[in-house]
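A.B. asks: Shown below is the structure under consideration.
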Amino acid sequence: MLTADPATIRHLLQLEGHSATELTALAKRAAELNHEPDRGPGHGPLAGKTLANLFFEDSTRTRLSFTRAAQRMGMHVLDLYAKSSSVSKGETLLDTARNVHAMGVDAIVVRCTPSGGPALLADHLDCSIINAGDGKHEHPTQGLLDLMTLLEHFKVGQTITGDELHGKRIAIVGDIDSSRVARSNIHALTTLGAHVVLIGPPKLVPETFLEITKHLDPPVGSVEIAHDLDAVLADLDAIMMLRVQFERHERDIIGPDYADKFGLNQARAAQLKPTAPVLHPGPINRDFELASAVADDPKRSLIMQQVSNGVVVRMAVLEKLLA
Ligand code: CP
């Protein structure tokens, strides 16, 4: 993972264990990169370096924004689509990555179903490995772009300080157990002092999530679990809705009245503080976990801002690992 010693920073495998200083520095750098011009193809601080995208699960936002970020840094980009690759003939994740690495790449972005797949590659390959989502473990660049979006939303002056989330109550709602996005966000948000409220049906929000901040010394933020969304709405400073991941579990585990109990509709959005933004990592199950009227409300929704910030956050990560 990214470590405190700049000489050893090589991979981004997770947000767990990163300090508030490291997380804030990446968000601040991403915000600065927002103001830097696109120098055009082949020009940028990482010109001559090559990034390979290895996506063994589908993606729209993460894969394209890594490509866009790498292009803006001047890099060449190789894309492997697992469905049309020799993975379909039984080649392993590690063998696939070894072969891509042998073609001469400086960094591999990997999304895969096994938790720990990126760490396996980091142990065996002599290039930077960036986790683009591994099983139910983490999705660190999503956590970073969500963090940047919230820091920018709550910042008081012109620049992010890192204190913006201290004491803020931020809800993550829905299919928490399946969500690598939730895990990365819990680590980042609590490290920066937020109180995270995990909301959903008991089967989707296991009690084990309460132990996730035990490593923090001192524990600046906290995690609590709630099962009644309506009871907490008025106290929230921000709300992040998650996609129900129907592909990762049986449909009936969520219960027959999931959308009635946990969907963010217009009536529920009206209970939020006027300043409380709505986030969603995408893709959205429209009018199921999130009403279209709320998702598309420019006064409330930061969803497109999350996507835009995804490019500059990934530029900041590439710069940190490769420059
Ligand atoms: N948020 C996210 O990871 O989206 P994609 O699956 O489209 O990459």
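Going through the structure tokens in order, the chains are called A, B, and so on, while each chain numbers its residues from 1 and the ligands are numbered from 1 in the order shown.
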With only C-alpha atoms as the counted atoms, please give the residues lying no more than 6 Å from stretch 132-147 of chain A, apart from itself and same-chain residues fewer than 6 positions off, as JSON, numbers by chain.
C.D. replies: {"A": [14, 15, 110, 111, 112, 113, 114, 115, 178, 179, 180, 181, 183, 184, 185, 309, 310, 313]}
A.B. asks: Find the residues near stretch 227-235 of chain A: any atom within 10 Å, counting only C-alpha atoms, skip ones fewer than 4 places away on the same chain, and give them as a ChimeraX atom specification.
C.D. replies: /A:168-171,173-174,197-202,205,239,261-264,268-274,276
A.B. asks: Using only C-alpha atoms, which protein or nucleic acid residues come within 9 Å of stretch 281-285 of chain A? Drop anything in the same chain fewer than 4 positions from it, and give the result as a PyMOL selection string.
C.D. replies: chain A and resi 60-61+142+146+181+240-244+289-291+295+303+306-307
A.B. asks: Those selected residues, please, written with all heavy atoms and delivered as a compact mmCIF listing (two decimals), in the first residue's frame.
C.D. replies:
```txt
# COMPACT_ATOMS: atom_id res chain seq x y z
N THR A 60 -17.34 1.26 -16.09
CA THR A 60 -17.44 2.42 -16.97
C THR A 60 -16.56 3.54 -16.40
O THR A 60 -15.58 3.97 -17.03
CB THR A 60 -18.90 2.90 -17.07
OG1 THR A 60 -19.67 1.88 -17.67
CG2 THR A 60 -19.00 4.18 -17.91
N ARG A 61 -16.90 4.00 -15.20
CA ARG A 61 -16.23 5.16 -14.61
C ARG A 61 -14.75 4.91 -14.31
O ARG A 61 -13.88 5.70 -14.70
CB ARG A 61 -16.94 5.57 -13.29
CG ARG A 61 -18.21 6.35 -13.48
CD ARG A 61 -19.20 5.99 -12.39
NE ARG A 61 -19.67 4.63 -12.63
CZ ARG A 61 -20.75 4.35 -13.35
NH1 ARG A 61 -21.51 5.31 -13.78
NH2 ARG A 61 -21.09 3.10 -13.63
N GLN A 142 -11.94 5.14 -5.56
CA GLN A 142 -13.31 5.61 -5.35
C GLN A 142 -13.42 6.30 -3.98
O GLN A 142 -14.02 7.36 -3.85
CB GLN A 142 -14.30 4.45 -5.43
CG GLN A 142 -15.76 4.86 -5.24
CD GLN A 142 -16.32 5.66 -6.40
OE1 GLN A 142 -16.06 5.32 -7.56
NE2 GLN A 142 -17.08 6.72 -6.12
N ASP A 146 -14.42 10.22 -3.47
CA ASP A 146 -15.54 10.58 -2.60
C ASP A 146 -15.06 11.53 -1.51
O ASP A 146 -15.72 12.52 -1.19
CB ASP A 146 -16.16 9.33 -1.98
CG ASP A 146 -16.84 8.45 -3.02
OD1 ASP A 146 -17.21 8.98 -4.09
OD2 ASP A 146 -17.00 7.24 -2.78
N VAL A 181 -16.61 -0.12 -1.98
CA VAL A 181 -16.67 1.35 -1.90
C VAL A 181 -16.93 1.76 -0.45
O VAL A 181 -16.29 2.68 0.08
CB VAL A 181 -17.79 1.89 -2.81
CG1 VAL A 181 -17.95 3.39 -2.63
CG2 VAL A 181 -17.49 1.56 -4.27
N MET A 240 -24.53 9.05 1.34
CA MET A 240 -23.99 8.33 0.19
C MET A 240 -24.84 7.08 -0.02
O MET A 240 -24.89 6.21 0.87
CB MET A 240 -22.54 7.94 0.51
CG MET A 240 -21.81 7.28 -0.63
SD MET A 240 -20.11 6.87 -0.13
CE MET A 240 -19.45 8.49 0.24
N MET A 241 -25.51 7.02 -1.14
CA MET A 241 -26.33 5.86 -1.45
C MET A 241 -25.47 4.84 -2.21
O MET A 241 -24.65 5.21 -3.05
CB MET A 241 -27.54 6.27 -2.32
CG MET A 241 -28.40 7.37 -1.71
SD MET A 241 -29.03 6.98 -0.07
CE MET A 241 -30.07 5.56 -0.43
N LEU A 242 -25.67 3.57 -1.93
CA LEU A 242 -24.92 2.52 -2.62
C LEU A 242 -25.82 1.73 -3.54
O LEU A 242 -27.02 1.57 -3.26
CB LEU A 242 -24.30 1.55 -1.61
CG LEU A 242 -23.23 2.09 -0.68
CD1 LEU A 242 -22.76 0.98 0.25
CD2 LEU A 242 -22.05 2.69 -1.44
N ARG A 243 -25.24 1.20 -4.60
CA ARG A 243 -25.98 0.30 -5.48
C ARG A 243 -26.22 -1.03 -4.78
O ARG A 243 -25.31 -1.57 -4.14
CB ARG A 243 -25.15 0.05 -6.75
CG ARG A 243 -25.80 -0.85 -7.76
CD ARG A 243 -24.97 -0.89 -9.03
NE ARG A 243 -23.74 -1.64 -8.87
CZ ARG A 243 -23.61 -2.95 -9.07
NH1 ARG A 243 -24.65 -3.66 -9.47
NH2 ARG A 243 -22.45 -3.55 -8.92
N VAL A 244 -27.44 -1.53 -4.88
CA VAL A 244 -27.68 -2.90 -4.42
C VAL A 244 -27.06 -3.82 -5.46
O VAL A 244 -27.39 -3.77 -6.64
CB VAL A 244 -29.19 -3.19 -4.24
CG1 VAL A 244 -29.40 -4.66 -3.87
CG2 VAL A 244 -29.78 -2.28 -3.17
N GLU A 289 -32.75 2.28 -5.37
CA GLU A 289 -32.11 2.84 -4.17
C GLU A 289 -32.09 4.36 -4.19
O GLU A 289 -31.91 5.00 -3.15
CB GLU A 289 -30.68 2.30 -4.01
CG GLU A 289 -29.66 2.85 -5.00
CD GLU A 289 -29.19 1.80 -6.00
OE1 GLU A 289 -29.62 0.66 -5.88
OE2 GLU A 289 -28.40 2.15 -6.90
N LEU A 290 -32.25 4.96 -5.36
CA LEU A 290 -32.18 6.42 -5.46
C LEU A 290 -33.14 6.91 -6.54
O LEU A 290 -33.06 6.46 -7.70
CB LEU A 290 -30.73 6.83 -5.81
CG LEU A 290 -30.42 8.31 -5.95
CD1 LEU A 290 -30.75 9.07 -4.66
CD2 LEU A 290 -28.95 8.52 -6.30
N ALA A 291 -34.04 7.84 -6.15
CA ALA A 291 -35.00 8.39 -7.11
C ALA A 291 -34.27 9.24 -8.14
O ALA A 291 -33.35 9.99 -7.80
CB ALA A 291 -36.04 9.23 -6.38
N ALA A 295 -31.31 12.06 -7.76
CA ALA A 295 -30.00 11.86 -8.42
C ALA A 295 -29.67 13.00 -9.37
O ALA A 295 -28.51 13.37 -9.53
CB ALA A 295 -30.01 10.53 -9.17
N ILE A 303 -23.19 13.73 -7.78
CA ILE A 303 -22.80 12.50 -8.48
C ILE A 303 -21.90 12.79 -9.69
O ILE A 303 -20.88 12.13 -9.89
CB ILE A 303 -24.05 11.68 -8.85
CG1 ILE A 303 -24.75 11.21 -7.57
CG2 ILE A 303 -23.68 10.48 -9.72
CD1 ILE A 303 -26.12 10.61 -7.77
N GLN A 306 -18.53 13.80 -8.50
CA GLN A 306 -17.71 12.63 -8.14
C GLN A 306 -16.99 12.09 -9.38
O GLN A 306 -15.80 11.75 -9.32
CB GLN A 306 -18.59 11.51 -7.56
CG GLN A 306 -19.15 11.79 -6.16
CD GLN A 306 -20.15 10.71 -5.77
OE1 GLN A 306 -21.34 10.85 -6.00
NE2 GLN A 306 -19.67 9.64 -5.17
N VAL A 307 -17.71 11.99 -10.48
CA VAL A 307 -17.11 11.42 -11.70
C VAL A 307 -15.98 12.33 -12.20
O VAL A 307 -14.89 11.86 -12.53
CB VAL A 307 -18.18 11.22 -12.79
CG1 VAL A 307 -17.54 10.69 -14.06
CG2 VAL A 307 -19.27 10.26 -12.29
```
A.B. asks: Which residues, written as a VMD selection string, have at least one atom at most 12 Å from stretch 149-154 of chain A, with only C-alpha atoms counted and residues fewer than 6 positions away on the same chain left out?
C.D. replies: chain A and resid 23 to 28 30 to 32 34 142 to 143 160 to 170 185 188 to 189 192 to 194 237 to 240 275 to 281 299 to 310 312 to 313
A.B. asks: Given only C-alpha atoms and all ligand atoms as the basis, pick out the residue of A:Glu91, A:Glu57, A:Glu247, A:Glu319 nearest to ligand 1.
C.D. replies: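 Nearest to ligand 1: A:Glu57.
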A.B. asks: Using backbone DSSP assignments, extract all helix (DSSP H, G or I) residues from stretch 116-268 of chain A; output them as a PyMOL selection string.
C.D. replies: chain A and resi 117-124+140-154+180-191+202-204+207-211+229-235+246-248+251-254+258-262+266-268
A.B. asks: Using only C-alpha atoms, which residue out of A:Ala226, A:Val156, A:Val100, A:Leu93 lies closest to A:Leu120?
C.D. replies: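 Answer, going by the shortest atom-to-atom distance: A:Leu93.
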A.B. asks: In Å, with one decimal, what is the gap from atom 3 (O, counted along the ligand's line) of ligand 1 to atom CA of A:Phe66?
C.D. replies: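 About the pair atom 3 (O, counted along the ligand's line) of ligand 1 and atom CA of A:Phe66: they are 11.1 Å apart.
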A.B. asks: Identify which of the residues A:Asp287, A:Asp257, A:Asp38, A:Asp58 lies closest to ligand 1, counting only C-alpha atoms and all ligand atoms when measuring atom-to-atom distances.
C.D. replies: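 Result for the nearest residue to ligand 1: A:Asp58.
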A.B. asks: Nearest residue to ligand 1 out of A:Ile254, A:Val294, A:Leu80, A:Ala182, using only C-alpha atoms and all ligand atoms?
C.D. replies: A:Ala182
A.B. asks: Residues within 12 Å of A:Lys214, please, as a list of chain:residue names. Count only C-alpha atoms; anything in the same chain fewer than 2 positions from it doesn't count.
C.D. replies: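 Skipping anything fewer than 2 positions along the chain leaves A:Glu16, A:Gly17, A:Ile186, A:His187, A:Thr190, A:Thr191, A:Thr208, A:Phe209, A:Leu210, A:Glu211, A:Ile212, A:Leu216, A:Asp217, A:Pro218, A:Pro219, A:Val220, A:Gly221, A:Ser222, A:Val223.
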A.B. asks: As a list in words, please: all residues of stretch 66-163 of chain A that backbone DSSP puts in strand (DSSP E).
C.D. replies: His76, Val77, Leu78, Asp79, Leu80, Tyr81, Ala107, Ile108, Val109, Val110, Arg111, Cys112, Ser128, Ile129, Ile130, Asn131, Ala132, Gly133 and Asp134 of chain A
A.B. asks: For stretch 39-47 of chain A, list every protein, DNA or RNA residue within 8 Å, evaluated using only C-alpha atoms, and leave out those in the same chain fewer than 3 positions away; present the list as a ChimeraX atom specification.
C.D. replies: /A:71-76,319,322-323
A.B. asks: To one decimal place, how far is atom CA of A:Ala97 from atom CA of A:Gln245 in Å?
C.D. replies: 26.8 Å
A.B. asks: Please determine, counting only C-alpha atoms and all ligand atoms, which residue among A:His249, A:Val311, A:Arg29, A:Asp95 has the shortest atom-to-atom distance to ligand 1.
C.D. replies: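 That would be A:Val311, the residue with the smallest distance to ligand 1.
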A.B. asks: With only C-alpha atoms and all ligand atoms as the basis for distance, which of A:His18, A:Arg98, A:Lys155, A:Arg63 is at the shortest distance from ligand 1?
C.D. replies: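 Counting only C-alpha atoms and all ligand atoms, the residue closest to ligand 1 is A:Arg63.
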